[in-house]
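A.B. asks: What follows is protein18.cif, mmCIF, C-alpha atoms and all ligand atoms.
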data_entry
#
loop_
_atom_site.label_atom_id
_atom_site.label_comp_id
_atom_site.auth_asym_id
_atom_site.auth_seq_id
_atom_site.Cartn_x
_atom_site.Cartn_y
_atom_site.Cartn_z
CA MET A 1 -6.81 6.50 -17.66
CA THR A 2 -3.56 4.88 -18.86
CA SER A 3 -2.62 1.31 -19.73
CA ARG A 4 0.25 -1.03 -18.95
CA GLU A 5 0.71 -4.57 -20.33
CA GLY A 6 -2.95 -4.58 -21.40
CA SER A 7 -4.11 -3.47 -17.96
CA GLN A 8 -6.16 -0.27 -17.69
CA LEU A 9 -5.16 2.02 -14.81
CA ARG A 10 -7.71 4.30 -13.17
CA ARG A 11 -7.61 6.75 -10.23
CA HIS A 12 -10.73 6.83 -8.12
CA ASP A 13 -12.05 9.36 -5.68
CA PRO A 14 -13.37 8.18 -2.30
CA ALA A 15 -17.01 8.16 -3.51
CA GLU A 16 -16.16 5.27 -5.87
CA VAL A 17 -14.47 3.09 -3.27
CA ASP A 18 -17.63 1.34 -1.96
CA ARG A 19 -18.50 0.16 -5.48
CA LEU A 20 -15.02 -1.38 -5.90
CA LEU A 21 -14.60 -2.87 -2.45
CA ASP A 22 -15.92 -6.42 -3.14
CA PRO A 23 -13.33 -7.36 -5.82
CA ILE A 24 -10.62 -5.58 -3.81
CA VAL A 25 -11.40 -7.68 -0.72
CA GLU A 26 -11.43 -10.86 -2.86
CA LEU A 27 -7.99 -10.10 -4.32
CA TYR A 28 -6.59 -8.97 -0.96
CA SER A 29 -7.69 -12.25 0.70
CA GLU A 30 -6.20 -14.34 -2.12
CA VAL A 31 -2.85 -12.51 -2.06
CA TYR A 32 -2.47 -12.29 1.74
CA ALA A 33 -3.11 -16.02 2.10
CA GLU A 34 0.35 -16.42 0.43
CA PRO A 35 3.62 -16.64 2.42
CA PRO A 36 4.98 -14.76 4.30
CA TYR A 37 1.56 -13.33 5.30
CA ASN A 38 -0.23 -16.73 5.48
CA GLY A 39 -3.56 -15.11 6.30
CA GLY A 40 -2.30 -13.96 9.75
CA PRO A 41 -4.76 -12.05 11.99
CA LEU A 42 -3.74 -8.62 10.70
CA PHE A 43 -4.40 -9.84 7.15
CA SER A 44 -7.86 -11.36 7.66
CA ARG A 45 -10.77 -10.24 5.48
CA GLU A 46 -12.57 -8.77 8.52
CA ARG A 47 -9.58 -6.74 9.75
CA PHE A 48 -8.88 -5.49 6.21
CA LEU A 49 -12.50 -4.39 5.73
CA ASP A 50 -12.62 -2.76 9.14
CA ARG A 51 -9.39 -0.79 8.46
CA THR A 52 -10.29 0.17 4.91
CA ASN A 53 -13.78 1.38 5.81
CA ARG A 54 -12.17 3.70 8.38
CA GLN A 55 -9.28 4.82 6.15
CA LYS A 56 -11.43 5.68 3.12
CA ASP A 57 -13.02 8.55 5.07
CA ASN A 58 -9.69 10.38 5.41
CA ASP A 59 -9.33 13.54 3.34
CA GLY A 60 -7.14 12.83 0.34
CA PHE A 61 -7.78 9.06 0.32
CA THR A 62 -6.80 7.86 -3.16
CA LEU A 63 -7.33 4.50 -4.85
CA VAL A 64 -5.70 3.36 -8.10
CA THR A 65 -6.86 0.17 -9.81
CA ALA A 66 -5.62 -1.91 -12.75
CA HIS A 67 -8.14 -3.99 -14.72
CA THR A 68 -8.08 -6.30 -17.72
CA GLY A 69 -11.66 -6.14 -18.92
CA SER A 70 -13.71 -6.56 -15.76
CA GLU A 71 -10.98 -8.49 -13.89
CA LEU A 72 -9.09 -6.63 -11.18
CA ASP A 73 -5.32 -7.16 -11.75
CA GLY A 74 -4.13 -5.00 -8.88
CA PHE A 75 -4.71 -1.95 -6.74
CA ALA A 76 -2.94 0.58 -4.55
CA PHE A 77 -4.34 3.04 -2.07
CA GLY A 78 -3.28 5.48 0.60
CA PHE A 79 -4.00 8.79 2.27
CA PRO A 80 -2.07 11.75 3.70
CA PHE A 81 -0.90 12.00 7.31
CA PRO A 82 -0.56 15.56 8.68
CA ALA A 83 2.73 16.86 10.08
CA GLY A 84 3.41 15.02 13.33
CA GLY A 85 1.31 12.03 12.24
CA TRP A 86 2.84 8.53 12.42
CA TRP A 87 1.71 4.88 12.38
CA ARG A 88 -0.36 3.65 15.29
CA GLY A 89 1.13 1.02 17.64
CA ALA A 90 4.75 0.70 18.77
CA THR A 91 7.74 2.26 16.97
CA THR A 92 11.47 1.80 17.51
CA PRO A 93 13.57 3.86 17.14
CA GLN A 94 11.53 7.08 16.89
CA PRO A 95 11.46 8.30 13.27
CA PRO A 96 13.77 11.20 12.32
CA THR A 97 12.18 14.56 13.23
CA GLU A 98 12.57 15.89 9.66
CA ILE A 99 10.19 13.12 8.58
CA LEU A 100 7.91 13.07 11.63
CA HIS A 101 7.25 16.81 11.59
CA VAL A 102 6.18 17.15 7.93
CA PRO A 103 3.11 15.83 6.05
CA LYS A 104 3.50 12.36 4.55
CA PHE A 105 1.50 10.29 2.08
CA ALA A 106 0.96 6.82 3.58
CA VAL A 107 0.82 3.99 1.03
CA ILE A 108 -1.48 1.52 2.74
CA GLU A 109 -1.76 -1.26 0.14
CA LEU A 110 -0.04 -2.31 -3.06
CA VAL A 111 -1.32 -5.62 -4.45
CA VAL A 112 -0.95 -7.33 -7.84
CA ARG A 113 -2.62 -10.63 -8.78
CA LYS A 114 -0.01 -13.44 -8.80
CA THR A 115 -0.47 -14.22 -12.50
CA ARG A 116 0.17 -10.55 -13.45
CA ARG A 117 3.37 -9.97 -11.43
CA GLY A 118 6.89 -9.28 -12.65
CA HIS A 119 5.86 -7.03 -15.58
CA GLY A 120 6.10 -3.62 -13.90
CA LEU A 121 2.42 -3.33 -12.95
CA GLY A 122 3.23 -2.90 -9.23
CA HIS A 123 5.69 -0.11 -9.95
CA PHE A 124 3.22 1.53 -12.31
CA LEU A 125 0.44 1.44 -9.68
CA MET A 126 2.80 2.91 -7.07
CA ASN A 127 3.91 5.72 -9.42
CA ALA A 128 0.28 6.48 -10.35
CA LEU A 129 -0.65 6.67 -6.65
CA LEU A 130 2.24 9.03 -5.78
CA ASP A 131 2.12 11.12 -8.96
CA GLY A 132 1.62 14.83 -8.17
CA ARG A 133 1.45 14.38 -4.38
CA PRO A 134 2.30 17.63 -2.54
CA GLU A 135 3.76 15.92 0.59
CA PRO A 136 7.57 15.90 0.91
CA TYR A 137 7.65 12.17 1.77
CA ALA A 138 5.71 8.96 1.21
CA MET A 139 5.79 6.17 3.79
CA LEU A 140 4.73 2.52 4.02
CA LEU A 141 5.05 -0.56 6.20
CA ALA A 142 6.57 -3.73 4.75
CA GLU A 143 6.88 -7.25 6.15
CA PRO A 144 10.68 -7.72 6.56
CA ASP A 145 10.61 -11.24 4.99
CA ALA A 146 8.40 -10.38 2.00
CA PRO A 147 9.97 -10.10 -1.48
CA ALA A 148 8.35 -6.63 -1.60
CA ARG A 149 10.75 -5.42 1.13
CA THR A 150 13.84 -5.70 -1.12
CA MET A 151 11.85 -4.51 -4.13
CA TYR A 152 11.06 -1.25 -2.30
CA GLN A 153 14.74 -0.87 -1.45
CA ARG A 154 15.58 -1.18 -5.15
CA TRP A 155 12.94 1.46 -5.86
CA GLY A 156 14.70 3.89 -3.47
CA TRP A 157 12.69 3.46 -0.25
CA GLN A 158 14.71 3.53 2.99
CA GLN A 159 13.97 2.03 6.39
CA VAL A 160 13.72 4.59 9.23
CA ALA A 161 12.17 2.48 12.01
CA ALA A 162 10.37 -0.75 12.89
CA VAL A 163 6.64 -0.56 13.68
CA GLN A 164 4.25 -3.02 15.32
CA PRO A 165 0.86 -1.60 14.29
CA ALA A 166 -1.18 -3.85 16.64
CA ASP A 167 -0.39 -6.17 19.57
CA ASP A 168 -1.03 -9.27 17.44
CA ALA A 169 0.77 -7.90 14.37
CA PRO A 170 4.35 -8.67 13.33
CA TRP A 171 7.04 -5.97 13.54
CA LEU A 172 7.15 -4.28 10.14
CA ALA A 173 9.80 -2.17 8.41
CA ALA A 174 8.77 1.51 8.23
CA LEU A 175 10.06 2.74 4.87
CA VAL A 176 10.07 6.29 3.48
CA ILE A 177 10.92 7.94 0.17
CA PRO A 178 11.26 11.65 -0.67
CA LEU A 179 8.69 13.01 -3.16
CA PRO A 180 8.63 13.57 -6.04
CA HIS A 181 10.70 10.50 -6.91
C1 LIG A 201 4.70 -6.44 -4.34
C2 LIG A 201 3.87 -6.59 -5.62
C3 LIG A 201 2.72 -5.59 -5.57
C4 LIG A 201 4.76 -6.28 -6.83
O1 LIG A 201 3.95 -6.34 -8.01
P1 LIG A 201 4.61 -6.55 -9.47
O2 LIG A 201 3.60 -6.20 -10.49
O3 LIG A 201 5.26 -7.86 -9.55
O4 LIG A 201 5.73 -5.39 -9.41
P2 LIG A 201 6.79 -5.03 -10.52
O5 LIG A 201 6.69 -5.95 -11.68
O6 LIG A 201 6.65 -3.57 -10.79
O7 LIG A 201 8.15 -5.23 -9.74
C5 LIG A 201 8.45 -6.49 -9.15
C6 LIG A 201 9.90 -6.57 -8.80
O8 LIG A 201 10.23 -7.92 -8.48
C7 LIG A 201 11.01 -8.50 -9.54
N1 LIG A 201 10.46 -9.80 -10.01
C8 LIG A 201 11.10 -10.65 -10.77
N2 LIG A 201 10.38 -11.74 -11.01
C9 LIG A 201 9.24 -11.57 -10.40
C10 LIG A 201 8.07 -12.37 -10.29
N3 LIG A 201 7.96 -13.57 -10.86
N4 LIG A 201 7.06 -11.92 -9.59
C11 LIG A 201 7.16 -10.73 -9.01
N5 LIG A 201 8.23 -9.94 -9.08
C12 LIG A 201 9.27 -10.34 -9.77
C13 LIG A 201 10.95 -7.53 -10.64
O9 LIG A 201 12.17 -7.55 -11.35
C14 LIG A 201 10.76 -6.21 -9.94
O10 LIG A 201 11.94 -5.72 -9.40
P3 LIG A 201 12.60 -4.39 -9.99
O11 LIG A 201 11.50 -3.34 -10.01
O12 LIG A 201 13.71 -4.06 -9.07
O13 LIG A 201 13.02 -4.75 -11.36
C15 LIG A 201 3.32 -8.05 -5.76
O14 LIG A 201 4.41 -8.93 -5.72
C16 LIG A 201 2.31 -8.42 -4.67
O15 LIG A 201 1.12 -8.15 -4.79
N6 LIG A 201 2.82 -9.06 -3.59
C17 LIG A 201 1.96 -9.50 -2.48
C18 LIG A 201 1.42 -8.31 -1.69
C19 LIG A 201 2.55 -7.49 -1.11
O16 LIG A 201 3.51 -8.00 -0.56
N7 LIG A 201 2.38 -6.15 -1.22
C20 LIG A 201 3.31 -5.21 -0.65
C21 LIG A 201 2.88 -4.95 0.76
S1 LIG A 201 3.97 -3.82 1.57
#
Would you put the structure from the file into structure tokens?
Ligand SMILES: CC(C)(COP(=O)(O)OP(=O)(O)OC[C@H]1O[C@@H](n2cnc3c(N)ncnc32)[C@H](O)[C@@H]1OP(=O)(O)O)[C@@H](O)C(=O)NCCC(=O)NCCS
C.D. replies:
Amino acid sequence: MTSREGSQLRRHDPAEVDRLLDPIVELYSEVYAEPPYNGGPLFSRERFLDRTNRQKDNDGFTLVTAHTGSELDGFAFGFPFPAGGWWRGATTPQPPTEILHVPKFAVIELVVRKTRRGHGLGHFLMNALLDGRPEPYAMLLAEPDAPARTMYQRWGWQQVAAVQPADDAPWLAALVIPLPH
């Protein structure tokens, strides 16, 4: 366990995820009601729960949380994709083969409570999630109009494709970064 700006960071194994899911869903719903997400269909509580309950059963699923006392300040989670694995849905253009054909760690969520932003907690959560990963790359999907999109660029992530993960989802920027970074 480490701390940042008074927030305690913890890594959790998959067995602990169920216990933490209620506050995570609460914070997710609060944050994804904000622009540019505006609580769109992909970002509803039901779709998030449905996805997360499936994703948490993947080998290597990892969750990192940040708390002040009992309050959840933020969280990040993800899981590894095997070589050849890629996002579901539509992709254009096809990702470079040197990325497609190797294992990748997919960062699925990175969320910080609005009142706790701008103090490095997001970056700290991301680094804690990726620390020690054996995969040669990490990947994530970012909404092109979200402030996070340019933040990732400043952190060294690069766009390799656009992905529409579901028919009713927006097209998202598929970003990758070499590991370790
Ligand atoms: C993206 C998010 C997790 C970042 O969390 P954070 O704790 O603010 O992250 P950090 O403080 O480490 O970095 C924020 C960056 O924005 C800049 N920033 C400046 N003022 C800021 C503010 N008031 N609020 C947020 N970020 C600010 C920071 O300078 C920093 O940029 P830098 O690393 O290039 O210096 C948070 O904004 C969030 O939860 N957004 C909504 C959910 C989301 O979009 N998640 C990403 C999905 S792909």
A.B. asks: Between atom CA of Glu143 of chain A and atom CA of Ala128 of chain A, what is the distance in Å, rounded to a tenth?
C.D. replies: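 Atom CA of Ala128 of chain A lies at a distance of 22.5 Å from atom CA of Glu143 of chain A.
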A.B. asks: Write out as a VMD selection string which residues come within 8 Å of segment 64-66 of chain A when counting only C-alpha atoms, dropping same-chain ones fewer than 4 positions away.
C.D. replies: chain A and resid 7 to 12 72 to 77 125 128 to 129
A.B. asks: To one decimal place in Å, what is the distance between atom O11 of ligand LIG 201 (chain A) and atom CA of Leu110 of chain A?
C.D. replies: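 Taking atom O11 of ligand LIG 201 (chain A) as the start and atom CA of Leu110 of chain A as the end point, the length is 13.5 Å.
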A.B. asks: Enter the distance from atom CA of Tyr37 of chain A to atom CA of Pro103 of chain A, in Å, rounded to one decimal.
C.D. replies: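 We find that atom CA of Tyr37 of chain A and atom CA of Pro103 of chain A lie 29.2 Å from each other.
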A.B. asks: For Leu141 of chain A, please output as a VMD selection string all residues within 8 Å (counting all atoms listed in the file; exclusion window: fewer than 4 positions along the same chain).
C.D. replies: chain A and resid 108 163 172 to 175
A.B. asks: 10 Å from ligand LIG 201 (chain A) is the threshold here; counting all atoms listed in the file, which polymer residues fall inside it? Answer as an MDAnalysis selection string.
C.D. replies: chainID A and resid 27:28 30:37 73:76 107:127 140:156 172:175
A.B. asks: So, with only C-alpha atoms as the atoms that count, which of A:Val17, A:Ile177, A:Ala161, A:Ala166 lies closest to Ala138 of chain A?
C.D. replies: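 Of all the options, A:Ile177 lies closest to Ala138 of chain A.
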A.B. asks: List as a PyMOL selection string the protein and nucleic acid residues near Gly132 of chain A, meaning an atom at most 12 Å away when only C-alpha atoms are counted, but skip any in the same chain fewer than 5 places from it.
C.D. replies: chain A and resi 105+127+137-138+179-181
A.B. asks: Would you mind telling me which residue in A:Arg4, A:Arg47, A:Arg133, A:Lys56 lies nearest to Asp18 of chain A when using all atoms listed in the file?
C.D. replies: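 Answer, going by the shortest atom-to-atom distance: A:Lys56.
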A.B. asks: Could you pull the residues within 12 Å of segment 134-136 of chain A, counting all atoms listed in the file, minus those fewer than 4 positions along the same chain, as a list in words?
C.D. replies: Gly60, Phe79, Pro80, Phe81, Pro82, Ala83, Glu98, Ile99, Leu100, His101, Val102, Pro103, Lys104, Phe105, Ala106, Leu130, Val176, Ile177, Pro178, Leu179, Pro180 and His181 of chain A
A.B. asks: Quick one: residues within 12 Å of Asp168 of chain A, all atoms listed in the file, excluding same-chain residues fewer than 4 positions away - as a list of chain:residue names?
C.D. replies: A:Gly40, A:Pro41, A:Leu42, A:Phe43, A:Arg47, A:Gly89, A:Ala90, A:Gln164
A.B. asks: So, with only C-alpha atoms as the atoms that count, which of A:Ala169, A:Val160, A:Leu49, A:Met139 lies closest to Ile24 of chain A?
C.D. replies: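 Nearest to Ile24 of chain A: A:Leu49.
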A.B. asks: Name the closest residue to Gln94 of chain A among the candidates A:Asn38, A:Gln159, A:Ser70, A:Gln55; distances are taken between atoms, counting only C-alpha atoms.
C.D. replies: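 Between A:Asn38, A:Gln159, A:Ser70, A:Gln55, the residue approaching Gln94 of chain A most closely is A:Gln159.
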A.B. asks: With distances taken over only C-alpha atoms, which of A:Thr91, A:Trp86, A:Asp131, A:Asp59 is nearest to Asp167 of chain A?
C.D. replies: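 Using only C-alpha atoms, Asp167 of chain A sits closest to A:Thr91.
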